[in-house]
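Content type mmCIF, C-alpha atoms and all ligand atoms, from the file coords17.cif:
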```
data_model
loop_
_atom_site.label_atom_id
_atom_site.label_comp_id
_atom_site.auth_asym_id
_atom_site.auth_seq_id
_atom_site.Cartn_x
_atom_site.Cartn_y
_atom_site.Cartn_z
CA MET M 29 -5.47 222.13 83.63
CA VAL M 30 -1.71 222.55 83.41
CA SER M 31 -1.21 223.93 86.93
CA THR M 32 -2.87 220.86 88.48
CA ARG M 33 -0.76 218.60 86.25
CA VAL M 34 2.38 220.45 87.51
CA ASP M 35 1.22 220.16 91.14
CA LEU M 36 0.64 216.43 90.70
CA THR M 37 4.07 215.98 89.13
CA LEU M 38 5.71 217.71 92.09
CA LEU M 39 3.53 216.74 95.05
CA GLY M 40 2.58 213.25 93.87
CA VAL M 41 -0.37 211.20 95.03
CA ARG M 42 -1.29 209.06 98.01
CA GLY M 43 -2.20 205.58 96.84
CA SER M 44 -0.68 203.27 94.30
CA PRO M 45 -1.92 202.46 90.79
CA PRO M 46 -1.27 199.00 89.28
CA VAL M 47 1.78 200.13 87.27
CA ASN M 48 4.47 201.69 89.43
CA ARG M 49 8.17 201.40 90.11
CA THR M 50 10.64 201.82 92.96
CA GLY M 51 14.28 202.81 92.43
CA GLY M 52 16.16 202.83 89.13
CA ALA M 53 17.70 205.31 86.73
CA GLY M 54 16.11 208.74 86.41
CA PRO M 55 12.81 209.71 88.07
CA THR M 56 11.45 206.81 90.14
CA ASP M 57 9.07 205.91 92.98
CA ASP M 58 6.23 206.76 90.70
CA GLY M 59 2.85 205.50 89.59
CA HIS M 60 1.78 205.55 85.95
CA PHE M 61 -1.52 207.05 84.80
CA LEU M 62 -3.09 208.69 81.79
CA ILE M 63 -4.06 212.28 82.56
CA ASP M 64 -6.27 213.91 79.94
CA GLY M 65 -5.21 211.05 77.64
CA LEU M 66 -1.46 211.69 78.02
CA ASN M 67 1.13 209.55 79.82
CA ALA M 68 1.82 210.81 83.34
CA SER M 69 4.40 209.49 85.77
CA ILE M 70 3.36 210.77 89.20
CA PRO M 71 5.43 210.32 92.39
CA ARG M 72 3.91 208.18 95.12
CA ASN M 73 4.00 210.36 98.21
CA GLN M 74 2.15 209.47 101.40
CA ASN M 75 2.20 213.15 102.45
CA SER M 76 0.65 214.47 99.25
CA PRO M 77 -2.56 216.53 99.45
CA PHE M 78 -3.77 214.54 96.40
CA ILE M 79 -5.41 211.16 97.01
CA PHE M 80 -5.84 208.53 94.33
CA ASP M 81 -9.01 206.62 95.30
CA GLY M 82 -8.79 203.97 92.57
CA SER M 83 -10.53 205.99 89.86
CA ARG M 84 -10.28 209.72 90.71
CA ILE M 85 -7.80 212.17 92.18
CA LEU M 86 -9.18 214.07 95.14
CA ARG M 87 -7.91 217.14 96.97
CA ASP M 88 -9.56 218.18 100.21
CA GLY M 89 -12.23 215.55 99.53
CA ALA M 90 -13.21 217.00 96.14
CA ASP M 91 -12.46 215.67 92.66
CA CYS M 92 -9.59 217.84 91.41
CA GLY M 93 -10.97 217.88 87.89
CA VAL M 94 -8.35 216.01 85.88
CA GLU M 95 -9.45 213.17 83.67
CA ILE M 96 -7.45 210.23 84.91
CA SER M 97 -7.18 206.60 83.80
CA VAL M 98 -5.25 203.82 85.38
CA ILE M 99 -2.87 201.69 83.34
CA ASP M 100 -3.47 198.00 83.94
CA ARG M 101 -0.69 195.69 85.02
CA PRO M 102 0.69 194.31 81.75
CA ARG M 103 0.34 190.61 80.99
CA PHE M 104 4.01 190.16 80.09
CA TYR M 105 4.88 190.74 83.79
CA ASP M 106 3.55 187.23 84.52
CA LEU M 107 6.09 185.51 82.23
CA THR M 108 9.51 184.12 83.12
CA THR M 109 12.51 183.22 80.96
CA GLU M 110 13.63 179.59 80.75
CA ASP M 111 16.45 180.36 83.18
CA GLY M 112 14.02 181.72 85.76
CA VAL M 113 14.24 185.49 85.34
CA ARG M 114 10.89 187.27 85.56
CA TYR M 115 10.23 189.41 82.48
CA GLU M 116 9.44 192.27 84.86
CA GLN M 117 13.07 192.13 86.05
CA ILE M 118 14.26 192.62 82.47
CA ALA M 119 12.02 195.48 81.30
CA THR M 120 9.06 197.43 82.68
CA LEU M 121 6.04 199.23 81.31
CA HIS M 122 6.21 203.03 81.45
CA GLY M 123 3.06 204.96 80.68
CA ARG M 124 0.53 203.16 78.52
CA ASP M 125 2.77 201.76 75.82
CA VAL M 126 6.51 202.22 76.49
CA LEU M 127 8.76 199.29 77.30
CA ALA M 128 11.74 200.55 79.30
CA THR M 129 14.91 198.84 80.36
CA THR M 130 18.28 199.66 81.86
CA VAL M 131 20.57 197.25 80.02
CA VAL M 132 23.37 197.59 82.57
CA GLN M 133 22.07 198.43 86.03
CA THR M 134 25.43 199.47 87.49
CA CYS M 135 27.33 202.68 86.93
CA VAL M 136 31.03 203.41 87.07
CA ARG M 137 30.13 206.71 88.71
CA TYR M 138 28.09 205.19 91.58
CA ASP M 139 30.78 205.94 94.17
CA GLU M 140 29.24 208.50 96.58
CA ALA M 141 31.69 211.20 95.53
CA GLN M 142 30.86 210.76 91.82
CA ARG M 143 27.22 209.70 91.67
CA CYS M 144 24.46 211.93 90.28
CA ARG M 145 22.73 213.00 93.46
CA PHE M 146 19.22 212.31 92.10
CA CYS M 147 20.02 208.80 90.84
CA SER M 148 19.26 205.43 92.43
CA ILE M 149 20.20 203.13 89.55
CA GLU M 150 21.73 200.46 91.80
CA GLU M 151 19.01 200.51 94.46
CA SER M 152 16.57 198.47 92.37
CA LEU M 153 19.36 195.95 91.87
CA ARG M 154 19.81 195.59 95.62
CA SER M 155 16.07 195.17 96.12
CA GLY M 156 16.02 192.29 93.57
CA SER M 157 13.48 193.99 91.30
CA THR M 158 15.89 193.80 88.37
CA VAL M 159 19.03 192.03 87.17
CA ALA M 160 22.44 193.66 86.69
CA VAL M 161 22.95 192.97 83.00
CA LYS M 162 20.17 192.29 80.53
CA ARG M 163 21.27 189.93 77.76
CA PRO M 164 20.29 190.85 74.18
CA GLY M 165 18.34 187.59 73.78
CA GLN M 166 16.38 188.22 76.99
CA LEU M 167 15.40 191.71 75.82
CA ALA M 168 14.30 190.37 72.43
CA GLU M 169 12.09 187.77 74.14
CA VAL M 170 10.50 190.32 76.48
CA ALA M 171 9.99 192.91 73.73
CA ARG M 172 8.20 190.35 71.54
CA ALA M 173 5.87 189.44 74.40
CA ALA M 174 5.22 193.07 75.42
CA VAL M 175 4.20 193.96 71.87
CA ASP M 176 2.08 190.84 71.35
CA LEU M 177 0.36 190.74 74.75
CA ASP M 178 0.19 194.39 75.79
CA GLY M 179 0.38 196.51 72.65
CA VAL M 180 3.65 198.24 73.50
CA THR M 181 4.52 200.69 70.70
CA GLN M 182 8.03 201.87 71.57
CA MET M 183 11.05 200.94 73.64
CA VAL M 184 13.54 202.94 75.69
CA MET M 185 16.94 201.44 76.49
CA THR M 186 19.14 203.26 78.92
CA THR M 187 22.36 202.13 80.57
CA GLY M 188 24.57 202.84 83.52
CA THR M 189 27.92 204.19 82.38
CA SER M 190 30.69 201.64 81.88
CA ASN M 191 34.44 202.03 82.22
CA GLY M 192 35.19 201.85 78.48
CA THR M 193 35.47 204.81 76.12
CA ASP M 194 32.11 203.83 74.60
CA ARG M 195 30.55 204.58 78.06
CA GLY M 196 28.21 201.59 77.68
CA ALA M 197 27.04 202.20 74.10
CA LYS M 198 28.48 198.97 72.65
CA HIS M 199 26.31 196.72 74.81
CA LEU M 200 23.35 198.98 73.98
CA ALA M 201 24.02 198.41 70.27
CA ARG M 202 24.05 194.62 70.75
CA CYS M 203 20.73 194.84 72.60
CA VAL M 204 19.13 197.04 69.93
CA HIS M 205 20.25 194.64 67.20
CA ALA M 206 18.71 191.63 68.97
CA VAL M 207 15.39 193.38 69.66
CA LYS M 208 15.12 194.66 66.09
CA GLU M 209 15.69 191.14 64.75
CA ALA M 210 12.86 189.80 66.90
CA VAL M 211 10.49 192.82 66.65
CA PRO M 212 11.44 194.87 63.58
CA GLU M 213 8.37 197.09 63.89
CA LEU M 214 9.23 198.37 67.39
CA PRO M 215 10.88 201.84 67.44
CA ILE M 216 13.74 202.06 69.96
CA GLN M 217 15.37 205.01 71.68
CA VAL M 218 18.81 204.51 73.23
CA GLN M 219 20.14 206.68 76.04
CA CYS M 220 23.82 207.07 76.95
CA GLU M 221 26.53 209.56 77.80
CA PRO M 222 28.43 211.08 74.87
CA PRO M 223 30.79 208.32 73.67
CA ALA M 224 34.44 209.41 73.36
CA ASP M 225 34.47 208.10 69.77
CA LEU M 226 31.55 209.72 67.92
CA SER M 227 31.37 206.85 65.42
CA THR M 228 29.78 204.84 68.25
CA ILE M 229 26.66 206.96 67.61
CA ASP M 230 26.67 205.68 64.01
CA ASP M 231 27.00 202.12 65.35
CA LEU M 232 23.85 202.59 67.45
CA ARG M 233 21.97 203.83 64.40
CA TYR M 234 23.23 200.93 62.23
CA ALA M 235 22.19 198.50 64.97
CA GLY M 236 18.65 199.77 64.42
CA ALA M 237 18.07 202.51 67.02
CA ASP M 238 15.52 205.08 65.81
CA ALA M 239 16.21 207.87 68.32
CA ILE M 240 18.83 208.76 70.90
CA GLY M 241 18.84 210.59 74.22
CA ILE M 242 22.14 212.09 75.37
CA HIS M 243 21.18 213.49 78.74
CA VAL M 244 23.05 216.43 80.23
CA GLU M 245 20.45 217.40 82.90
CA SER M 246 21.93 220.91 83.19
CA LEU M 247 23.86 223.28 80.95
CA ASP M 248 25.31 225.14 83.94
CA ASP M 249 28.77 223.84 84.87
CA ASP M 250 28.44 224.87 88.54
CA VAL M 251 25.17 222.95 88.79
CA ARG M 252 26.74 219.98 87.01
CA ARG M 253 29.69 219.87 89.42
CA THR M 254 27.38 220.05 92.44
CA TRP M 255 24.69 217.59 91.33
CA MET M 256 26.56 215.31 88.92
CA PRO M 257 30.21 215.40 89.92
CA GLY M 258 31.12 212.30 87.90
CA LYS M 259 29.27 213.24 84.73
CA ALA M 260 30.54 216.82 85.01
CA SER M 261 34.01 215.48 84.19
CA VAL M 262 32.71 215.15 80.61
CA PRO M 263 32.91 218.73 79.30
CA LEU M 264 29.81 220.37 77.82
CA ALA M 265 31.75 220.66 74.54
CA GLU M 266 31.65 216.85 74.30
CA TYR M 267 27.87 216.94 74.75
CA TRP M 268 27.49 219.51 71.98
CA ALA M 269 29.75 217.50 69.66
CA ALA M 270 27.71 214.36 70.38
CA TRP M 271 24.36 216.16 69.90
CA HIS M 272 25.44 217.72 66.58
CA HIS M 273 26.74 214.39 65.34
CA ALA M 274 23.62 212.57 66.52
CA VAL M 275 21.36 215.03 64.67
CA LYS M 276 23.33 214.29 61.47
CA VAL M 277 22.97 210.53 62.02
CA PHE M 278 19.44 210.27 63.50
CA GLY M 279 17.86 213.41 62.08
CA ARG M 280 16.31 216.57 63.53
CA ASN M 281 14.04 215.90 66.49
CA GLN M 282 15.19 212.29 66.85
CA VAL M 283 17.76 213.42 69.43
CA SER M 284 16.87 214.63 72.90
CA THR M 285 18.27 215.55 76.26
CA TYR M 286 16.84 215.98 79.75
CA LEU M 287 17.00 219.41 81.38
CA LEU M 288 16.05 219.25 85.06
CA VAL M 289 14.25 222.19 86.65
CA GLY M 290 15.06 222.79 90.31
CA LEU M 291 18.81 222.23 90.51
CA GLY M 292 19.49 225.93 91.08
CA GLU M 293 20.16 226.99 87.51
CA ASP M 294 19.18 230.50 86.44
CA PRO M 295 15.69 230.08 84.84
CA GLU M 296 16.39 232.43 81.94
CA GLU M 297 19.63 230.61 81.14
CA LEU M 298 17.80 227.30 81.25
CA ILE M 299 15.19 228.62 78.81
CA SER M 300 17.79 230.08 76.44
CA GLY M 301 19.80 226.83 76.59
CA ALA M 302 16.66 224.85 75.75
CA THR M 303 15.96 227.21 72.86
CA LEU M 304 19.47 226.73 71.50
CA LEU M 305 19.12 222.96 71.75
CA ALA M 306 15.81 223.02 69.90
CA ASP M 307 17.28 225.22 67.18
CA SER M 308 20.08 222.64 66.85
CA GLY M 309 17.56 219.82 66.30
CA VAL M 310 17.75 218.44 69.86
CA TYR M 311 14.49 218.19 71.85
CA PRO M 312 15.06 219.66 75.34
CA PHE M 313 12.94 217.45 77.58
CA VAL M 314 12.30 219.79 80.50
CA VAL M 315 11.50 217.79 83.61
CA PRO M 316 11.13 218.89 87.23
CA PHE M 317 13.63 217.48 89.71
CA ARG M 318 11.74 214.98 91.86
CA PRO M 319 13.19 214.20 95.27
CA HIS M 320 12.89 210.60 96.36
CA ALA M 321 14.31 208.49 99.15
CA GLY M 322 17.32 206.35 98.32
CA THR M 323 19.14 209.20 96.58
CA LEU M 324 21.93 211.33 98.00
CA ALA M 325 19.88 214.43 97.14
CA VAL M 326 17.23 213.48 99.69
CA ASP M 327 19.05 211.25 102.17
CA VAL M 328 22.11 213.50 102.54
CA ASP M 329 21.25 216.94 101.13
CA GLY M 330 17.58 217.16 102.13
CA ALA M 331 16.73 218.52 98.67
CA ARG M 332 13.14 219.60 97.98
CA ALA M 333 11.01 219.70 94.84
CA PRO M 334 11.09 223.00 92.92
CA ASP M 335 8.44 225.70 93.14
CA PRO M 336 5.48 224.69 90.90
CA ALA M 337 5.26 228.24 89.52
CA LEU M 338 8.87 227.98 88.33
CA VAL M 339 8.26 224.61 86.67
CA GLU M 340 5.16 225.94 84.93
CA LYS M 341 6.86 229.15 83.73
CA ILE M 342 9.90 227.34 82.30
CA SER M 343 7.78 224.58 80.74
CA ARG M 344 5.42 227.13 79.15
CA GLU M 345 8.25 229.17 77.62
CA VAL M 346 10.13 226.14 76.31
CA ALA M 347 6.90 224.61 74.95
CA ALA M 348 6.08 227.88 73.14
CA HIS M 349 9.45 227.79 71.39
CA LEU M 350 9.12 224.10 70.54
CA ARG M 351 5.71 224.75 68.98
CA LEU M 352 7.12 227.73 67.08
CA VAL M 353 9.91 225.69 65.49
CA GLY M 354 7.69 222.65 64.97
CA MET M 355 9.45 220.26 67.33
CA LEU M 356 6.97 218.06 69.14
CA GLY M 357 7.80 215.24 71.52
CA GLY M 358 5.15 213.12 69.84
CA ASP M 359 7.13 213.35 66.58
CA GLN M 360 10.09 211.50 68.10
CA SER M 361 9.92 207.85 67.06
CA ALA M 362 10.59 206.61 70.58
CA GLY M 363 11.91 207.71 73.92
CA CYS M 364 11.18 209.94 76.87
CA ALA M 365 10.19 212.97 74.80
CA ALA M 366 7.78 210.77 72.83
CA CYS M 367 6.38 209.34 76.08
CA GLY M 368 6.27 212.68 77.86
CA ALA M 369 5.17 211.25 81.21
CA CYS M 370 7.92 212.75 83.36
CA GLY M 371 7.36 216.36 82.26
CA VAL M 372 4.46 218.61 81.28
CA LEU M 373 5.57 219.76 77.81
CA GLN M 374 3.04 217.53 76.03
CA SER M 375 0.24 219.01 78.15
CA LEU M 376 1.38 222.36 76.73
CA GLY M 377 1.14 221.16 73.15
CA ALA M 378 4.84 220.33 72.69
S1 LIG M 401 9.39 209.97 80.17
FE1 LIG M 401 10.97 208.34 80.03
S2 LIG M 401 11.45 207.79 82.19
FE2 LIG M 401 9.52 209.00 82.19
S3 LIG M 401 7.93 207.41 82.11
FE3 LIG M 401 8.30 208.02 79.98
S4 LIG M 401 9.84 206.58 79.21
FE4 LIG M 401 9.83 206.40 81.45
#
```
Take the structure from the file and write it as structure tokens.
Amino acid sequence: MVSTRVDLTLLGVRGSPPVNRTGGAGPTDDGHFLIDGLNASIPRNQNSPFIFDGSRILRDGADCGVEISVIDRPRFYDLTTEDGVRYEQIATLHGRDVLATTVVQTCVRYDEAQRCRFCSIEESLRSGSTVAVKRPGQLAEVARAAVDLDGVTQMVMTTGTSNGTDRGAKHLARCVHAVKEAVPELPIQVQCEPPADLSTIDDLRYAGADAIGIHVESLDDDVRRTWMPGKASVPLAEYWAAWHHAVKVFGRNQVSTYLLVGLGEDPEELISGATLLADSGVYPFVVPFRPHAGTLAVDVDGARAPDPALVEKISREVAAHLRLVGMLGGDQSAGCAACGACGVLQSLGA
């Protein structure tokens, strides 16, 4: 039932499943489940009307009718590197089978005037749940274990943005190379801002990356300036140049971007932008904005989650177009669109 899936994504659940995370890049403070067999990242919210009782999701005391399974704590979390870093601090399990890491957990844009207002990338660093820079050898060791012990089938590597013109992509390439040497069968998606020199995208591909996410979050410049003042200094034209180049290098539907619903963009413009992206070979991963503590959006702006009806309408229309042009998240070799947990497009057949 898509409307319940949307409600869960926005309102979250009370209770905590075994796999969850606090702080970090992108949507956080979530618990990971399978809903109707698909990955689902659901916010943990002690005020939610939905209660997770360990095996079911209840609303007003009644089973809300979604088929839910818990994802067990992975075995690789119990391992530690020789120099004493817990594997869990290097990479985490997302959904049932995605290994995710932020290779550099700091961002040049984290100053309060520049930071994306929904981001808490450095909060997990302060809490000690991760380490600032993941070394290529550490990631290779953890990836090998996660595949062997827990059946991980794909890896997502994101990064905070660095000062250099590569915006962090060079370290990503070194990490991809090391993981591919250790675990050649593991598909990897890299995520970064558009590098100033487009040949850096080729370098990521040559290092072994199978897919790439270049995340704009909104195609509306006013929204970008309000919500992502630092990232908005990179013009949309640079995003389009990077997406077009990435499609040439990685192939159609091996490139993706996040589009957040609920930042105030005109819904019809969001849908037409998503359509244009899809027609250009870029999967528009439509995801509702999720407010969580520790971000400027909540702590300073008091931002709220979007209207569920709006999320459902936009997701339905974008999913219909994606199905029409034959672009499915599940056809990406790796990455957020392949995982699908943070949005509802896969529940709508896209
Ligand atoms: S969609 Fe991306 S961020 Fe969300 S759970 Fe999946 S891999 Fe993680």
Can you check which parts of chain M lie within 6 Å of ligand LIG 401 (chain M)? Per residue, the shortest pair of atoms and distance in Å to one decimal, counting all atoms listed in the file, sorted by chain and number, as JSON lines.
```
{"residue": "M:Ser69", "atom": "CA", "partner": "M:LIG401", "partner_atom": "S3", "distance": 5.5}
{"residue": "M:His122", "atom": "CA", "partner": "M:LIG401", "partner_atom": "S3", "distance": 4.8}
{"residue": "M:Gly123", "atom": "CA", "partner": "M:LIG401", "partner_atom": "S3", "distance": 5.6}
{"residue": "M:Gly363", "atom": "CA", "partner": "M:LIG401", "partner_atom": "S4", "distance": 5.8}
{"residue": "M:Cys364", "atom": "CA", "partner": "M:LIG401", "partner_atom": "FE1", "distance": 3.5}
{"residue": "M:Cys367", "atom": "CA", "partner": "M:LIG401", "partner_atom": "FE3", "distance": 4.5}
{"residue": "M:Gly368", "atom": "CA", "partner": "M:LIG401", "partner_atom": "S1", "distance": 4.7}
{"residue": "M:Ala369", "atom": "CA", "partner": "M:LIG401", "partner_atom": "S1", "distance": 4.5}
{"residue": "M:Cys370", "atom": "CA", "partner": "M:LIG401", "partner_atom": "FE2", "distance": 4.2}
```
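If you count all atoms listed in the file and ignore residues fewer than 6 places along the chain from region 218-225 of chain M, what sits within 6 Å of it is Met185, Thr186, Thr193, Asp194, Arg195, Ile240, Gly241, Ile242, Tyr267 and Ala270 of chain M.
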Just write the chosen residues, C-alpha atoms, as a compact mmCIF listing (two decimals), in the coordinates of the input.
```txt
# COMPACT_ATOMS: atom_id res chain seq x y z
CA MET M 185 16.94 201.44 76.49
CA THR M 186 19.14 203.26 78.92
CA THR M 193 35.47 204.81 76.12
CA ASP M 194 32.11 203.83 74.60
CA ARG M 195 30.55 204.58 78.06
CA ILE M 240 18.83 208.76 70.90
CA GLY M 241 18.84 210.59 74.22
CA ILE M 242 22.14 212.09 75.37
CA TYR M 267 27.87 216.94 74.75
CA ALA M 270 27.71 214.36 70.38
```
Q: Can you work out the spacing between CA of Gly236 (chain M) and CA of Leu127 (chain M) in Å, to one decimal?
A: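 Between CA of Gly236 (chain M) and CA of Leu127 (chain M) the gap is 16.2 Å.
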**Q.** Long-range neighbours of Glu340 (chain M) as a PyMOL selection string, 8 Å cut-off, only C-alpha atoms, 4 positions minimum in chain
**A.** chain M and resi 30-31+34+336+344
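Using only C-alpha atoms, the shortest contact distance between His273 (chain M) and any of M:Leu226, M:Leu291, M:Ala197, M:Cys135 is found at M:Leu226.
In this structure, CA of Glu140 (chain M) sits 19.2 Å away from CA of Val244 (chain M).
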Q: Write out as a ChimeraX atom specification the residues lying within 10 Å of region 316-333 of chain M, counting all atoms listed in the file and excluding same-chain residues fewer than 6 positions away.
A: /M:34,37-40,50-52,54-58,70-73,140,143-152,245,255,286-291,339-340,342-343,370-372
**Q.** Surrounding residues of region 163-172 of chain M excluding itself and chain neighbours under 6 positions, 8 Å, all atoms listed in the file, as a ChimeraX atom specification
**A.** /M:104,109,115,118-119,127,131,202-211
Q. How many Å lie between CA of Val275 (chain M) and CA of Asp238 (chain M), rounded to one decimal?
A.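 Straight-line distance from CA of Val275 (chain M) to CA of Asp238 (chain M) works out to 11.6 Å.
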Q: Rank M:Val159, M:Ala265, M:Ile299, M:Ala378 by their smallest atom-to-atom distance to Ala366 (chain M), using all atoms listed in the file, and report the top residue only.
A: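 Checking each of M:Val159, M:Ala265, M:Ile299, M:Ala378 against Ala366 (chain M), counting all atoms listed in the file, the winner is M:Ala378.
If all atoms listed in the file are the atoms counted, then among M:Arg280, M:His243, M:Arg252, M:Arg33 the closest residue to Trp268 (chain M) is M:His243.
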Q. When distances are computed from all atoms listed in the file, which of M:Leu62, M:Leu232, M:Ala362, M:Ala68 shows the smallest separation from Val180 (chain M)?
A. M:Ala362
**Q.** Option closest in space to Ala237 (chain M), from M:Leu200, M:Ala260, M:Ala160, M:Ala269 [counting all atoms listed in the file]
**A.**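 That would be M:Leu200, the residue with the smallest distance to Ala237 (chain M).
When all atoms listed in the file are used to compute distances to Val126 (chain M), the closest of the residues M:Gly192, M:Gly377, M:Pro102, M:Gly43 turns out to be M:Pro102.
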Q | Contact residues around Asp88 (chain M) with all atoms listed in the file at 9 Å, ignoring same-chain residues under 4 positions, as a list in words | A |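 Skipping anything fewer than 4 positions along the chain leaves Pro77, Phe78, Ile79 and Cys92 of chain M.
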Q: Select all residues near (10.9, 192.3, 88.1) (cut-off 8 Å, inclusive, file coordinates), counting all atoms listed in the file, and output them as a list in words.
A: Tyr105, Arg114, Tyr115, Glu116, Gln117, Ile118, Ala119, Thr120, Gly156, Ser157 and Thr158 of chain M
